[in-house]
Amino acid sequence: MIIVLVDDRTGETDRYEIPAGLAVRVRALLRDGGEPVQRGQIVVGNLYIDQCTRAVTIEGVAVKCTSVEYAILERLARDAGRVVSREALMLSACEREPSPFDRALDVHVSRIRRKLRHSGTEIVTVRGTGYMLAARADP
């Protein structure tokens, strides 16, 4: 098993190969123990994400998202206004490393864009780097 650590600020990655048994144990500890993650509501433009219920709304109207779409949107919303690398999105949302010809992330982002078209926010592509969630000047 390979663990990839991504620095949120610089986008640099470190890869470590670890035994499968250790990976299972680490996942269990992260899931069951440790300090609780601060969760609440994220607001970007007219877009509201409730992290407790995993609900996405635009001006009070519910937006249906798949679990992967929600994970991508939540990650982008947490870092609104900053570029999130493709690799970081794939690792956090799809839980796998991207390959050069993998277009799955692009498909998910395209579907999210359609759902957000009236929200006052947009997902901006930063060519060669990743994506950024930003509030539009004219919603």
# chains A, B, ... in the order shown; residues from 1 in each chain; ligands from 1

call {"tool": "residues_around", "arguments": {"residues": "segment 74-90 of chain A", "least_positions_apart": "6", "cutoff": "7 Å", "atoms": "only C-alpha atoms", "output": "mmCIF file with C-alpha atoms, in the first residue's frame"}}
result
data_model
loop_
_atom_site.group_PDB
_atom_site.id
_atom_site.type_symbol
_atom_site.label_atom_id
_atom_site.label_comp_id
_atom_site.auth_asym_id
_atom_site.auth_seq_id
_atom_site.Cartn_x
_atom_site.Cartn_y
_atom_site.Cartn_z
ATOM 1 C CA VAL A 6 -0.179 16.333 -0.121
ATOM 2 C CA GLY A 11 0.774 21.054 -3.581
ATOM 3 C CA ILE A 42 -19.474 26.454 4.597
ATOM 4 C CA VAL A 44 -19.524 30.517 -0.736
ATOM 5 C CA ARG A 96 -7.058 7.001 -5.389
ATOM 6 C CA GLU A 97 -4.104 8.445 -7.210
ATOM 7 C CA PRO A 98 -4.801 10.034 -10.564
ATOM 8 C CA LEU A 105 -12.449 13.994 -11.958
ATOM 9 C CA THR A 129 -2.782 22.729 -11.811
ATOM 10 C CA GLY A 130 -6.305 22.007 -10.604
ATOM 11 C CA TYR A 131 -9.579 23.694 -9.721
ATOM 12 C CA MET A 132 -10.762 26.601 -7.593
ATOM 13 C CA LEU A 133 -14.216 27.469 -6.231
ATOM 14 C CA ALA A 134 -14.961 31.191 -6.506
#

call {"tool": "select_by_dssp", "arguments": {"residues": "chain A", "states": "strand (DSSP E)", "output": "PyMOL selection string"}}
result
chain A and resi 2-6+13-17+41-44+47-50+55-58+61-63+84-85+121-126+130-135

call {"tool": "closest_residue", "arguments": {"among": "A:Val109, A:Ile123, A:Val43, A:Leu91", "to": "Thr66 of chain A", "atoms": "only C-alpha atoms"}}
result
A:Val109

call {"tool": "atom_distance", "arguments": {"atom1": "atom CA of Arg54 of chain A", "atom2": "atom CA of Ser99 of chain A"}}
result
28.2 Å

call {"tool": "select_by_dssp", "arguments": {"residues": "chain A", "states": "alpha helix (DSSP H)", "output": "PyMOL selection string"}}
result
chain A and resi 20-32+67-78+86-89+104-116

call {"tool": "write_last_selection", "arguments": {"atoms": "C-alpha atoms", "output": "tab-separated table (two decimals), in the first residue's frame"}}
result
chain	number	residue	atom	x	y	z
A	20	ALA	CA	-1.16	-3.37	4.18
A	21	GLY	CA	-1.78	-4.31	7.83
A	22	LEU	CA	-0.50	-0.95	9.02
A	23	ALA	CA	-2.71	0.86	6.51
A	24	VAL	CA	-5.79	-0.96	7.81
A	25	ARG	CA	-4.86	-0.05	11.39
A	26	VAL	CA	-4.28	3.63	10.54
A	27	ARG	CA	-7.65	3.84	8.74
A	28	ALA	CA	-9.39	2.33	11.77
A	29	LEU	CA	-7.71	4.79	14.14
A	30	LEU	CA	-8.58	7.76	11.94
A	31	ARG	CA	-12.17	6.61	11.63
A	32	ASP	CA	-12.78	5.67	15.26
A	67	SER	CA	-20.91	11.14	-2.47
A	68	VAL	CA	-17.95	11.85	-4.78
A	69	GLU	CA	-19.50	15.12	-6.01
A	70	TYR	CA	-20.11	16.16	-2.40
A	71	ALA	CA	-16.51	15.32	-1.42
A	72	ILE	CA	-15.13	17.36	-4.33
A	73	LEU	CA	-17.43	20.30	-3.62
A	74	GLU	CA	-16.69	20.27	0.11
A	75	ARG	CA	-12.93	20.23	-0.50
A	76	LEU	CA	-13.17	23.08	-3.00
A	77	ALA	CA	-15.45	25.06	-0.67
A	78	ARG	CA	-13.09	24.63	2.30
A	86	ARG	CA	-6.08	17.62	-9.29
A	87	GLU	CA	-4.04	15.11	-7.30
A	88	ALA	CA	-5.33	16.42	-3.96
A	89	LEU	CA	-8.94	16.28	-5.22
A	104	ALA	CA	-13.13	10.81	-13.94
A	105	LEU	CA	-12.45	13.99	-11.96
A	106	ASP	CA	-13.28	16.14	-14.99
A	107	VAL	CA	-16.61	14.34	-15.42
A	108	HIS	CA	-17.53	14.89	-11.76
A	109	VAL	CA	-16.53	18.57	-11.92
A	110	SER	CA	-18.61	19.01	-15.09
A	111	ARG	CA	-21.67	17.58	-13.33
A	112	ILE	CA	-21.11	19.79	-10.29
A	113	ARG	CA	-20.81	22.85	-12.55
A	114	ARG	CA	-24.22	22.10	-14.06
A	115	LYS	CA	-25.74	21.85	-10.60
A	116	LEU	CA	-24.13	25.14	-9.49

call {"tool": "atom_distance", "arguments": {"atom1": "atom CA of Val56 of chain A", "atom2": "atom CA of His118 of chain A"}}
result
13.4 Å

call {"tool": "atom_distance", "arguments": {"atom1": "atom CA of Ala55 of chain A", "atom2": "atom CA of Val4 of chain A"}}
result
28.5 Å

call {"tool": "residues_around", "arguments": {"residues": "Leu5 of chain A", "least_positions_apart": "4", "cutoff": "7 Å", "atoms": "only C-alpha atoms", "output": "list of chain:residue names"}}
result
A:Thr13, A:Asp14, A:Arg15

call {"tool": "write_last_selection", "arguments": {"atoms": "all heavy atoms", "output": "mmCIF file, in the first residue's frame"}}
result
data_model
loop_
_atom_site.group_PDB
_atom_site.id
_atom_site.type_symbol
_atom_site.label_atom_id
_atom_site.label_comp_id
_atom_site.auth_asym_id
_atom_site.auth_seq_id
_atom_site.Cartn_x
_atom_site.Cartn_y
_atom_site.Cartn_z
ATOM 1 N N THR A 13 3.914 16.611 -3.038
ATOM 2 C CA THR A 13 3.475 15.300 -2.575
ATOM 3 C C THR A 13 4.660 14.472 -2.125
ATOM 4 O O THR A 13 5.769 14.585 -2.653
ATOM 5 C CB THR A 13 2.733 14.527 -3.689
ATOM 6 O OG1 THR A 13 3.613 14.343 -4.792
ATOM 7 C CG2 THR A 13 1.500 15.267 -4.141
ATOM 8 N N ASP A 14 4.422 13.633 -1.127
ATOM 9 C CA ASP A 14 5.381 12.640 -0.657
ATOM 10 C C ASP A 14 4.686 11.302 -0.692
ATOM 11 O O ASP A 14 3.529 11.174 -0.275
ATOM 12 C CB ASP A 14 5.833 12.940 0.777
ATOM 13 C CG ASP A 14 6.633 14.226 0.879
ATOM 14 O OD1 ASP A 14 7.505 14.434 0.010
ATOM 15 O OD2 ASP A 14 6.386 14.999 1.812
ATOM 16 N N ARG A 15 5.370 10.271 -1.200
ATOM 17 C CA ARG A 15 4.793 8.929 -1.286
ATOM 18 C C ARG A 15 5.575 7.992 -0.382
ATOM 19 O O ARG A 15 6.805 7.984 -0.410
ATOM 20 C CB ARG A 15 4.839 8.427 -2.724
ATOM 21 C CG ARG A 15 3.887 9.160 -3.627
ATOM 22 C CD ARG A 15 4.053 8.705 -5.083
ATOM 23 N NE ARG A 15 2.992 9.206 -5.921
ATOM 24 C CZ ARG A 15 2.911 10.433 -6.382
ATOM 25 N NH1 ARG A 15 3.812 11.310 -6.043
ATOM 26 N NH2 ARG A 15 1.915 10.804 -7.154
#

call {"tool": "residues_around", "arguments": {"residues": "Gly45 of chain A", "least_positions_apart": "2", "cutoff": "9 Å", "atoms": "only C-alpha atoms", "output": "PyMOL selection string"}}
result
chain A and resi 43+47-48+119-121+134-136+139
